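Since the structure comes first, as structure tokens, the remarks are kept for the end.
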Amino acid sequence: MDEKILYLDCASGISGDMTVGALLDLGASREKLVQALESLGVSGYHLHFGRTKKCGIDAYDFDVHLEEEEHHHDHEHHHDHEHGHEHEHSHDEHDHEHHHNHEHTHDHEHSRDHAHTHDHMHPHVHRNIHDIFEIIDRLDASDRVKNLARRMFEIVAEAESKAHGIPVSEVHFHEVGAIDSIVDVISAAFCLEDLGIHRVVISPLSEGHGFARCQHGLMPVPVPATANIAAAQGLELTLRDVEGEMVTPTGAAIAAAFRTEAALPKKYQIEKIGIGAGNKDFAHANILRAMLLTDKTVEVETGKDGHDESSMWVMEANLDDCTGEALGYAMEVLLEAGARDVWYTPAYMKKNRPAYVLHVLTTAEKREELEQLIFSCTTTIGVRRYPVERTILPREVKEIQTRYGAAKVKICKRGGVDTCYPEYESVRAICRETGKRFMEVFHGVMEDGSISLQ
């Protein structure tokens, strides 16, 4: 079965609510999402689900409304759709003006189950990264969802740390720690998992110019946190002639954490499109398109588990304080867990210490699991990763009759030519039985195998 690829088209930037709306439009379960968010046991907000139009394009409108900000309005949890209205939100890191389209409709989910409330969340509470992790830990969802949500907040925390010149542990989130951003991040991670997606490609992020208002005043666009995330995570920005912010820090963190592939496959088929609406109105359609694709590249090779292995990831870690026994054990564990290859290269580290660089080749879906094994099996405190492309020859393992008896060989095909490679274990067994030299047996089996292919 073809594995699906999610492509986020960020031609109008990206934010948390745009991402969630696009994934819900793509088919993620609204009911399951609401149920998962209720497991947090928090109050002070309600969710808005609806449709709106952006430059005539129908889009899914998802939003998190803070009840504290609405107490001046006689909402009774509905909107007067005949009048334009503006909400000043602490959204994603800084304030966004929510200019809603007059033609939209909304349903509301009220997250106010006080019988299960652990935390009355208010928009102006200052939380650090550990406070947010405690909230995420209460989520009734898979470890993948929780880890992805934590990773997004780690990315933002690291960016804020750099912007303010303080350690990550001392970063106190203001708007980013508010419930709307927490719900956006958790919802994005949950919807990705609900859709069963493991491969994600992100387009360049279109960004505007000028200034955006935040708690501390006016900041240049892209705001420092967004710029720091783009620099640290290798996100490509495209500046457009648009006044205002188009990429929020939460949106940039989602793009960085979701991305598993460097580029789209050479050929693909669009299976479905989800469109999430942005809150601002620009001259262009302020939407995020989420496309579900099927890889149609000709003769893409697959591994033993059926996954596409032309697009892979390499993870690396420098080790100058790890014993040889530990290194050997780490290699065994990583290979047993599904790494496509594991190898070490010698290196000299700081203070002229002899060391090794661990390299792990893996598929996108195994990357997170293997990264955790690297941390648990070695002394490293950091893992680098980058996507790679490779060409794989079609191959099959066969048992053939040779001058030495039965032996297994690997048959590889390229350009209409079959090449026979003896399997090591078979050559080793023949050498032990006959006492012959390894290369003599190797070449003999290869020759017999080549003859048998003709």
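Each chain in the structure tokens gets a letter, A, B and so on, in the order shown; residues start at 1 in every chain, and ligands are counted from 1 in the order they appear.
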Where in region 144-273 of chain A does DSSP assign alpha helix (DSSP H), given as a VMD selection string?
chain A and resid 144 to 164 179 to 194 224 to 233 249 to 258
Skip Met246 (chain A) itself and residues of its chain fewer than 4 positions away, then list as a ChimeraX atom specification all residues within 10 Å of it, counting only C-alpha atoms.
/A:10-15,205-209,212,221-222,239-240,242,251,278,280,282,286
Using N, CA and C atoms, can you export the residues from the last selection as a PDB file, in the first residue's frame?
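Writing done, so here's result.pdb:
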ATOM      1  N   CYS A  10       2.636  26.650   2.252  1.00  0.00           N
ATOM      2  CA  CYS A  10       2.639  27.835   3.121  1.00  0.00           C
ATOM      3  C   CYS A  10       2.818  29.117   2.322  1.00  0.00           C
ATOM      4  N   ALA A  11       2.129  29.217   1.184  1.00  0.00           N
ATOM      5  CA  ALA A  11       2.238  30.404   0.334  1.00  0.00           C
ATOM      6  C   ALA A  11       1.706  31.649   1.026  1.00  0.00           C
ATOM      7  N   SER A  12       0.845  31.464   2.036  1.00  0.00           N
ATOM      8  CA  SER A  12       0.360  32.594   2.830  1.00  0.00           C
ATOM      9  C   SER A  12       0.799  32.450   4.279  1.00  0.00           C
ATOM     10  N   GLY A  13       1.965  31.870   4.475  1.00  0.00           N
ATOM     11  CA  GLY A  13       2.479  31.712   5.823  1.00  0.00           C
ATOM     12  C   GLY A  13       1.861  30.532   6.535  1.00  0.00           C
ATOM     13  N   ILE A  14       2.011  30.505   7.872  1.00  0.00           N
ATOM     14  CA  ILE A  14       1.481  29.392   8.660  1.00  0.00           C
ATOM     15  C   ILE A  14       1.326  29.845  10.105  1.00  0.00           C
ATOM     16  N   SER A  15       0.241  29.396  10.717  1.00  0.00           N
ATOM     17  CA  SER A  15       0.005  29.638  12.140  1.00  0.00           C
ATOM     18  C   SER A  15      -0.607  28.377  12.721  1.00  0.00           C
ATOM     19  N   LEU A 205       8.242  29.154   3.619  1.00  0.00           N
ATOM     20  CA  LEU A 205       7.244  29.904   4.372  1.00  0.00           C
ATOM     21  C   LEU A 205       7.217  31.349   3.891  1.00  0.00           C
ATOM     22  N   SER A 206       6.092  31.778   3.352  1.00  0.00           N
ATOM     23  CA  SER A 206       5.960  33.174   2.922  1.00  0.00           C
ATOM     24  C   SER A 206       5.762  34.061   4.142  1.00  0.00           C
ATOM     25  N   GLU A 207       6.523  35.141   4.215  1.00  0.00           N
ATOM     26  CA  GLU A 207       6.451  36.057   5.354  1.00  0.00           C
ATOM     27  C   GLU A 207       6.307  37.480   4.853  1.00  0.00           C
ATOM     28  N   GLY A 208       5.635  38.304   5.659  1.00  0.00           N
ATOM     29  CA  GLY A 208       5.432  39.692   5.303  1.00  0.00           C
ATOM     30  C   GLY A 208       6.551  40.583   5.814  1.00  0.00           C
ATOM     31  N   HIS A 209       6.253  41.863   5.966  1.00  0.00           N
ATOM     32  CA  HIS A 209       7.260  42.808   6.466  1.00  0.00           C
ATOM     33  C   HIS A 209       6.565  43.844   7.330  1.00  0.00           C
ATOM     34  N   ALA A 212       4.882  43.832  14.038  1.00  0.00           N
ATOM     35  CA  ALA A 212       3.778  43.124  14.684  1.00  0.00           C
ATOM     36  C   ALA A 212       3.749  43.527  16.149  1.00  0.00           C
ATOM     37  N   VAL A 221       8.951  42.305  11.662  1.00  0.00           N
ATOM     38  CA  VAL A 221       8.543  41.044  11.036  1.00  0.00           C
ATOM     39  C   VAL A 221       9.645  40.578  10.087  1.00  0.00           C
ATOM     40  N   PRO A 222      10.056  39.274  10.165  1.00  0.00           N
ATOM     41  CA  PRO A 222       9.593  38.273  11.115  1.00  0.00           C
ATOM     42  C   PRO A 222      10.035  38.598  12.536  1.00  0.00           C
ATOM     43  N   LEU A 239      10.138  36.281   1.468  1.00  0.00           N
ATOM     44  CA  LEU A 239       9.547  37.554   1.856  1.00  0.00           C
ATOM     45  C   LEU A 239       8.627  38.061   0.746  1.00  0.00           C
ATOM     46  N   ARG A 240       7.409  38.459   1.147  1.00  0.00           N
ATOM     47  CA  ARG A 240       6.417  38.948   0.194  1.00  0.00           C
ATOM     48  C   ARG A 240       6.096  40.403   0.480  1.00  0.00           C
ATOM     49  N   VAL A 242       3.852  42.150   1.582  1.00  0.00           N
ATOM     50  CA  VAL A 242       2.632  42.162   2.388  1.00  0.00           C
ATOM     51  C   VAL A 242       2.963  42.825   3.715  1.00  0.00           C
ATOM     52  N   GLY A 251       3.457  28.635  14.293  1.00  0.00           N
ATOM     53  CA  GLY A 251       3.433  28.084  12.939  1.00  0.00           C
ATOM     54  C   GLY A 251       4.800  27.625  12.489  1.00  0.00           C
ATOM     55  N   GLY A 278      -6.810  31.559   7.671  1.00  0.00           N
ATOM     56  CA  GLY A 278      -6.142  32.463   8.581  1.00  0.00           C
ATOM     57  C   GLY A 278      -7.125  33.511   9.071  1.00  0.00           C
ATOM     58  N   LYS A 280      -6.469  36.829   9.554  1.00  0.00           N
ATOM     59  CA  LYS A 280      -6.291  38.136   8.926  1.00  0.00           C
ATOM     60  C   LYS A 280      -6.800  38.118   7.487  1.00  0.00           C
ATOM     61  N   PHE A 282      -5.935  39.581   3.814  1.00  0.00           N
ATOM     62  CA  PHE A 282      -4.946  40.210   2.946  1.00  0.00           C
ATOM     63  C   PHE A 282      -5.541  40.359   1.549  1.00  0.00           C
ATOM     64  N   ASN A 286      -5.785  34.255   2.375  1.00  0.00           N
ATOM     65  CA  ASN A 286      -5.001  33.907   3.555  1.00  0.00           C
ATOM     66  C   ASN A 286      -5.398  32.510   4.013  1.00  0.00           C
TER      67      ASN A 286
END
